[in-house]
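Structure file my_file-v6.txt with compact mmCIF, C-alpha atoms:
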# COMPACT_ATOMS: atom_id res chain seq x y z
CA MET A 136 -164.18 -92.59 12.26
CA SER A 137 -165.61 -92.86 15.76
CA LEU A 138 -163.36 -93.66 18.68
CA GLN A 139 -165.12 -96.96 19.31
CA PRO A 140 -167.13 -98.31 16.36
CA LEU A 141 -168.16 -101.55 18.11
CA PRO A 142 -169.74 -101.86 21.56
CA LEU A 143 -167.33 -103.09 24.23
CA VAL A 144 -168.00 -105.12 27.37
CA LEU A 145 -165.57 -105.89 30.16
CA ALA A 146 -166.39 -109.27 31.71
CA SER A 147 -164.88 -108.52 35.08
CA SER A 148 -166.04 -107.16 38.43
CA SER A 149 -162.60 -105.63 39.08
CA SER A 150 -162.75 -101.90 39.81
CA ILE A 151 -159.07 -101.59 38.86
CA ARG A 152 -159.65 -103.07 35.39
CA ARG A 153 -162.58 -100.69 34.91
CA LYS A 154 -160.38 -97.77 35.91
CA ILE A 155 -157.62 -98.81 33.48
CA LEU A 156 -160.06 -98.89 30.55
CA SER A 157 -161.72 -95.63 31.60
CA SER A 158 -158.35 -93.88 31.95
CA ALA A 159 -157.51 -94.93 28.38
CA GLY A 160 -160.64 -93.11 27.17
CA LEU A 161 -162.73 -96.14 26.29
CA ASP A 162 -166.51 -96.31 26.42
CA PHE A 163 -167.63 -99.70 27.72
CA THR A 164 -170.00 -101.49 30.02
CA SER A 165 -168.91 -104.00 32.62
CA ILE A 166 -170.56 -107.14 33.91
CA SER A 167 -169.81 -109.57 36.69
CA PRO A 168 -169.28 -112.82 34.77
CA PRO A 169 -171.39 -115.78 35.99
CA VAL A 170 -168.38 -118.08 36.23
CA ASP A 171 -167.69 -120.48 39.09
CA GLU A 172 -163.93 -120.02 39.43
CA ALA A 173 -163.65 -122.58 42.23
CA GLU A 174 -165.29 -125.24 40.05
CA ILE A 175 -162.97 -124.50 37.12
CA LYS A 176 -159.92 -124.69 39.36
CA ALA A 177 -161.11 -127.95 40.92
CA LYS A 178 -161.57 -129.53 37.49
CA ASN A 179 -158.14 -128.42 36.27
CA LEU A 180 -155.81 -129.17 39.16
CA HIS A 181 -153.14 -130.45 36.77
CA PHE A 182 -152.95 -127.16 34.87
CA THR A 183 -149.97 -124.86 35.22
CA PRO A 184 -150.77 -121.40 36.63
CA THR A 185 -150.44 -119.96 33.10
CA LYS A 186 -152.84 -122.47 31.57
CA LEU A 187 -155.29 -122.05 34.43
CA VAL A 188 -155.46 -118.28 34.11
CA GLU A 189 -155.95 -118.58 30.34
CA VAL A 190 -158.94 -120.88 30.89
CA LEU A 191 -160.43 -118.54 33.50
CA ALA A 192 -160.07 -115.42 31.34
CA GLU A 193 -161.68 -117.12 28.35
CA ALA A 194 -164.51 -118.59 30.43
CA LYS A 195 -165.38 -115.13 31.73
CA ALA A 196 -165.47 -113.58 28.27
CA LEU A 197 -167.51 -116.43 26.78
CA SER A 198 -170.04 -116.22 29.62
CA ALA A 199 -171.18 -112.73 28.63
CA LYS A 200 -174.66 -112.57 27.12
CA VAL A 201 -174.32 -109.77 24.56
CA CYS A 202 -175.32 -109.02 20.98
CA LYS A 203 -173.26 -110.63 18.22
CA GLN A 204 -171.17 -107.64 17.21
CA THR A 205 -170.09 -106.76 20.75
CA LEU A 206 -166.44 -107.21 21.69
CA VAL A 207 -165.94 -108.77 25.12
CA ILE A 208 -162.74 -108.52 27.16
CA GLY A 209 -162.10 -111.31 29.66
CA ALA A 210 -159.19 -111.19 32.07
CA ASP A 211 -157.85 -113.05 35.05
CA GLN A 212 -154.74 -113.20 37.16
CA VAL A 213 -153.21 -115.60 39.69
CA LEU A 214 -150.31 -115.30 42.06
CA GLU A 215 -147.62 -117.94 41.65
CA VAL A 216 -145.14 -118.90 44.34
CA ASP A 217 -142.76 -121.79 43.73
CA GLY A 218 -144.86 -122.99 40.79
CA GLU A 219 -148.13 -123.03 42.77
CA ALA A 220 -151.12 -120.79 42.06
CA LEU A 221 -152.59 -119.29 45.23
CA ASP A 222 -156.22 -118.34 45.87
CA LYS A 223 -157.52 -115.22 47.60
CA VAL A 224 -157.62 -115.25 51.38
CA LYS A 225 -160.82 -114.76 53.39
CA ASN A 226 -159.91 -112.40 56.24
CA MET A 227 -157.33 -109.90 57.45
CA GLU A 228 -155.52 -112.41 59.65
CA GLN A 229 -154.94 -114.62 56.61
CA ALA A 230 -153.90 -111.55 54.63
CA LYS A 231 -151.20 -110.78 57.16
CA GLN A 232 -150.01 -114.40 57.05
CA ARG A 233 -149.91 -114.31 53.23
CA LEU A 234 -147.87 -111.12 53.16
CA TRP A 235 -145.50 -112.33 55.86
CA SER A 236 -144.93 -115.55 53.90
CA LEU A 237 -143.92 -113.43 50.87
CA ARG A 238 -141.53 -111.27 52.89
CA GLY A 239 -138.09 -111.14 51.28
CA ARG A 240 -139.20 -113.50 48.51
CA GLU A 241 -139.84 -113.37 44.79
CA HIS A 242 -143.24 -114.19 43.34
CA PHE A 243 -145.08 -113.79 40.06
CA LEU A 244 -148.42 -112.44 38.93
CA ILE A 245 -149.53 -114.58 35.99
CA GLY A 246 -152.21 -112.99 33.86
CA SER A 247 -154.21 -113.55 30.72
CA CYS A 248 -156.72 -111.53 28.74
CA VAL A 249 -158.84 -112.43 25.73
CA LEU A 250 -161.08 -110.70 23.23
CA VAL A 251 -164.25 -112.52 22.22
CA GLN A 252 -166.94 -111.74 19.67
CA ASN A 253 -170.05 -113.84 19.04
CA LYS A 254 -168.61 -116.64 21.23
CA ASN A 255 -165.44 -116.77 19.12
CA THR A 256 -162.08 -116.00 20.69
CA LEU A 257 -160.35 -113.47 18.45
CA TRP A 258 -157.24 -112.78 20.53
CA LYS A 259 -155.37 -114.10 23.56
CA TYR A 260 -152.52 -112.56 25.51
CA SER A 261 -150.69 -113.98 28.52
CA TYR A 262 -148.04 -112.27 30.60
CA GLN A 263 -145.91 -112.60 33.72
CA SER A 264 -144.98 -109.94 36.25
CA ARG A 265 -142.06 -110.54 38.65
CA LEU A 266 -142.16 -108.95 42.09
CA LYS A 267 -139.94 -109.19 45.12
CA MET A 268 -140.87 -108.03 48.59
CA ARG A 269 -138.37 -106.44 50.91
CA LYS A 270 -137.64 -107.82 54.38
CA PHE A 271 -140.08 -105.49 56.08
CA SER A 272 -140.74 -105.40 59.81
CA GLU A 273 -143.96 -106.60 61.37
CA ARG A 274 -144.61 -103.02 62.42
CA ALA A 275 -144.34 -101.84 58.81
CA LEU A 276 -146.70 -104.60 57.68
CA ASP A 277 -149.27 -103.77 60.35
CA SER A 278 -149.12 -100.10 59.36
CA VAL A 279 -149.80 -100.85 55.70
CA LEU A 280 -152.65 -103.24 56.50
CA GLU A 281 -154.22 -100.72 58.85
CA LYS A 282 -154.25 -98.11 56.09
CA THR A 283 -155.41 -100.36 53.26
CA GLY A 284 -158.03 -102.16 55.35
CA GLU A 285 -160.25 -104.88 53.92
CA LYS A 286 -159.71 -103.63 50.38
CA THR A 287 -156.57 -105.74 50.49
CA LEU A 288 -158.77 -108.86 50.43
CA SER A 289 -159.70 -108.07 46.82
CA SER A 290 -156.15 -108.93 45.75
CA VAL A 291 -154.80 -112.49 45.68
CA GLY A 292 -151.47 -111.10 46.86
CA CYS A 293 -153.18 -109.15 49.65
CA TYR A 294 -151.64 -105.90 48.47
CA LEU A 295 -152.79 -102.84 46.55
CA LEU A 296 -149.91 -101.84 44.29
CA GLU A 297 -151.66 -98.60 43.35
CA GLY A 298 -151.65 -97.62 47.04
CA GLN A 299 -149.53 -97.85 50.16
CA SER A 300 -148.80 -101.57 49.77
CA ILE A 301 -146.07 -100.49 47.33
CA GLN A 302 -143.97 -99.73 50.43
CA LEU A 303 -143.56 -103.48 51.02
CA PHE A 304 -141.67 -104.07 47.77
CA GLU A 305 -137.99 -104.14 46.88
CA GLU A 306 -138.18 -104.92 43.14
CA ILE A 307 -140.89 -104.90 40.49
CA ASP A 308 -140.22 -106.05 36.94
CA ALA A 309 -143.49 -105.53 35.10
CA ASP A 310 -145.72 -103.30 33.03
CA PHE A 311 -147.75 -101.49 35.67
CA SER A 312 -151.17 -101.90 34.05
CA ALA A 313 -150.50 -105.61 33.44
CA MET A 314 -149.48 -106.01 37.05
CA LEU A 315 -152.79 -104.47 38.10
CA GLY A 316 -154.69 -106.96 35.95
CA LEU A 317 -155.09 -105.56 32.42
CA PRO A 318 -152.15 -104.92 30.04
CA ILE A 319 -153.58 -101.84 28.37
CA ILE A 320 -151.16 -101.44 25.43
CA PRO A 321 -151.75 -104.96 24.02
CA VAL A 322 -155.49 -104.61 24.70
CA LEU A 323 -155.67 -101.34 22.76
CA ALA A 324 -153.76 -102.90 19.86
CA ALA A 325 -156.21 -105.81 19.78
CA LEU A 326 -159.20 -103.46 19.84
CA ARG A 327 -157.80 -101.48 16.92
CA LYS A 328 -157.24 -104.71 14.98
CA PHE A 329 -160.74 -106.08 15.53
CA GLY A 330 -162.82 -102.94 15.22
CA GLY A 331 -163.10 -101.74 18.80
CA LEU A 332 -161.08 -98.57 18.18
CA GLY A 333 -160.31 -96.27 15.29
CA SER A 334 -156.83 -96.39 13.82
Could you quickly redo this structure as structure tokens?
Amino acid sequence: MSLQPLPLVLASSSSIRRKILSSAGLDFTSISPPVDEAEIKAKNLHFTPTKLVEVLAEAKALSAKVCKQTLVIGADQVLEVDGEALDKVKNMEQAKQRLWSLRGREHFLIGSCVLVQNKNTLWKYSYQSRLKMRKFSERALDSVLEKTGEKTLSSVGCYLLEGQSIQLFEEIDADFSAMLGLPIIPVLAALRKFGGLGS
């Protein structure tokens, strides 16, 4: 039996999600899903962060224009503070403000991923990662931001957990791959169940 009987597409522009799948030995193609996230969020202001991220992940997977047998992974993640889902910031000054506002506080990364085939959702998985930042100094924050640079703007939390931003944290209660945006163990199990991997 081949490693991956069915073609697989990742409907995400995230380089980290691509790296997670590649590291697990999967063959796949990735697309940037033509989804207007701002419009979806504006239409669903009453949704909880968990419900919102589920809608976003599914919208991305369903937007992929692929052949019928292809399996499509859609994923999304939001940062929740005090029950509110935050959006990405636009510049480094806002990134510093975001990180300083999280200093010494607990927050959550709420994520969801789905598996779609022929416009039908086969599988959904939602998860929550709890993180707490330490009471770092402004000097420590400036040092981390200087080293991570504008890559930090790709993260809604304004940190790169796979890099030096990890120095800002006191506690992390999460599966690492899920925290980065794609819970690889549940994803692999779903692919085995629906024909994307051999048993």
Sorted by chain and rising residue number, which residues of stretch 167-224 of chain A lie within 10 Å of stretch 267-290 of chain A, and what are their closest atom pairs and distances in Å to one decimal, counting all atoms listed in the file, as CSV?
residue,atom,partner,partner_atom,distance
A:Gln212,CA,A:Ser290,CA,9.7
A:Val213,CA,A:Ser290,CA,9.5
A:Leu214,CA,A:Ser290,CA,9.4
A:Asp222,CA,A:Ser290,CA,9.4
A:Lys223,CA,A:Ser290,CA,6.7
A:Val224,CA,A:Leu288,CA,6.6
Mind writing the picked residues with C-alpha atoms as a PDB file, in the frame of the given file?
ATOM      1  CA  GLN A 212    -154.740-113.200  37.160  1.00  0.00           C
ATOM      2  CA  VAL A 213    -153.210-115.600  39.690  1.00  0.00           C
ATOM      3  CA  LEU A 214    -150.310-115.300  42.060  1.00  0.00           C
ATOM      4  CA  ASP A 222    -156.220-118.340  45.870  1.00  0.00           C
ATOM      5  CA  LYS A 223    -157.520-115.220  47.600  1.00  0.00           C
ATOM      6  CA  VAL A 224    -157.620-115.250  51.380  1.00  0.00           C
TER       7      VAL A 224
END
inquiry  = Nearest residue to A:Val207 out of A:Ala177, A:Ala325, A:Ala230, A:Val190, using all atoms listed in the file?
reply    = A:Ala325
message = I need the residue nearest A:Glu215 from this list: A:Lys200, A:Arg153, A:His242, A:Arg327. Use only C-alpha atoms for the distance.
response = A:His242
Sel. within 9 Å of pt (-149.5, -107.7, 46.3), counting only C-alpha atoms, output as a PDB file with C-alpha atoms, keeping the file's coordinate frame:
ATOM      1  CA  LEU A 214    -150.310-115.300  42.060  1.00  0.00           C
ATOM      2  CA  LEU A 234    -147.870-111.120  53.160  1.00  0.00           C
ATOM      3  CA  LEU A 244    -148.420-112.440  38.930  1.00  0.00           C
ATOM      4  CA  LEU A 266    -142.160-108.950  42.090  1.00  0.00           C
ATOM      5  CA  MET A 268    -140.870-108.030  48.590  1.00  0.00           C
ATOM      6  CA  THR A 287    -156.570-105.740  50.490  1.00  0.00           C
ATOM      7  CA  SER A 290    -156.150-108.930  45.750  1.00  0.00           C
ATOM      8  CA  VAL A 291    -154.800-112.490  45.680  1.00  0.00           C
ATOM      9  CA  GLY A 292    -151.470-111.100  46.860  1.00  0.00           C
ATOM     10  CA  CYS A 293    -153.180-109.150  49.650  1.00  0.00           C
ATOM     11  CA  TYR A 294    -151.640-105.900  48.470  1.00  0.00           C
ATOM     12  CA  LEU A 295    -152.790-102.840  46.550  1.00  0.00           C
ATOM     13  CA  LEU A 296    -149.910-101.840  44.290  1.00  0.00           C
ATOM     14  CA  SER A 300    -148.800-101.570  49.770  1.00  0.00           C
ATOM     15  CA  ILE A 301    -146.070-100.490  47.330  1.00  0.00           C
ATOM     16  CA  LEU A 303    -143.560-103.480  51.020  1.00  0.00           C
ATOM     17  CA  PHE A 304    -141.670-104.070  47.770  1.00  0.00           C
TER      18      PHE A 304
END
key: Shell around stretch 149-151 of chain A at 12 Å using only C-alpha atoms, local window under 5 positions removed, as a ChimeraX atom specification   = /A:156-158,165-168,209-212,286,289-290,295-298,311-319
note = Restricting to all atoms listed in the file, whichever of A:Lys231, A:Lys203, A:Lys154, A:Lys186 is closest to A:Gly246 is A:Lys186
Please write out, as lines of an AutoDock Vina configuration file, where the centre of an axis-aligned box around all listed atoms of stretch 168-187 of chain A lies and how long its edges are, in Å to one decimal, after adding 5 Å on each side.
center_x = -160.7
center_y = -121.6
center_z = 36.9
size_x = 31.4
size_y = 27.6
size_z = 20.7
ask   = So how far away is atom CA of A:Tyr260 from atom CA of A:Leu141, in Å?
value =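 Between atom CA of A:Leu141 and atom CA of A:Tyr260 the gap is 20.5 Å.
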query = Quick one: distance from atom CA of A:Gln204 to atom CA of A:Leu250 in Å, one decimal?
reply =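 These two atoms are separated by 12.1 Å.
Closest to A:His181 among A:Gly218, A:Leu197, A:Trp235, A:Asp162 is A:Gly218, based on all atoms listed in the file.
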query = Using only C-alpha atoms, what residues lie at most 9 Å away from (-170.4, -113.8, 18.5) (file coordinates), given as a PyMOL selection string?
reply = chain A and resi 201-206+251-256
ask   = Any idea what the distance is between atom CA of A:Glu172 and atom CA of A:Ser236?
value =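 For atom CA of A:Glu172 relative to atom CA of A:Ser236, the distance reads 24.3 Å.
If only C-alpha atoms are the atoms counted, then among A:Ser198, A:Ser247, A:Asn179, A:Thr185 the closest residue to A:Ala146 is A:Ser198.
For A:Thr164, the non-local neighbours within 7 Å, defined as residues at least 5 positions apart in the same chain or in other chains and counting all atoms listed in the file, are Leu143, Val144 and Leu145 of chain A.
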task = Using all atoms listed in the file, pick whichever of A:Leu237, A:Ile208, A:Cys248, A:Ala159 has the shortest atom-to-atom distance to A:Val188.
result = A:Cys248
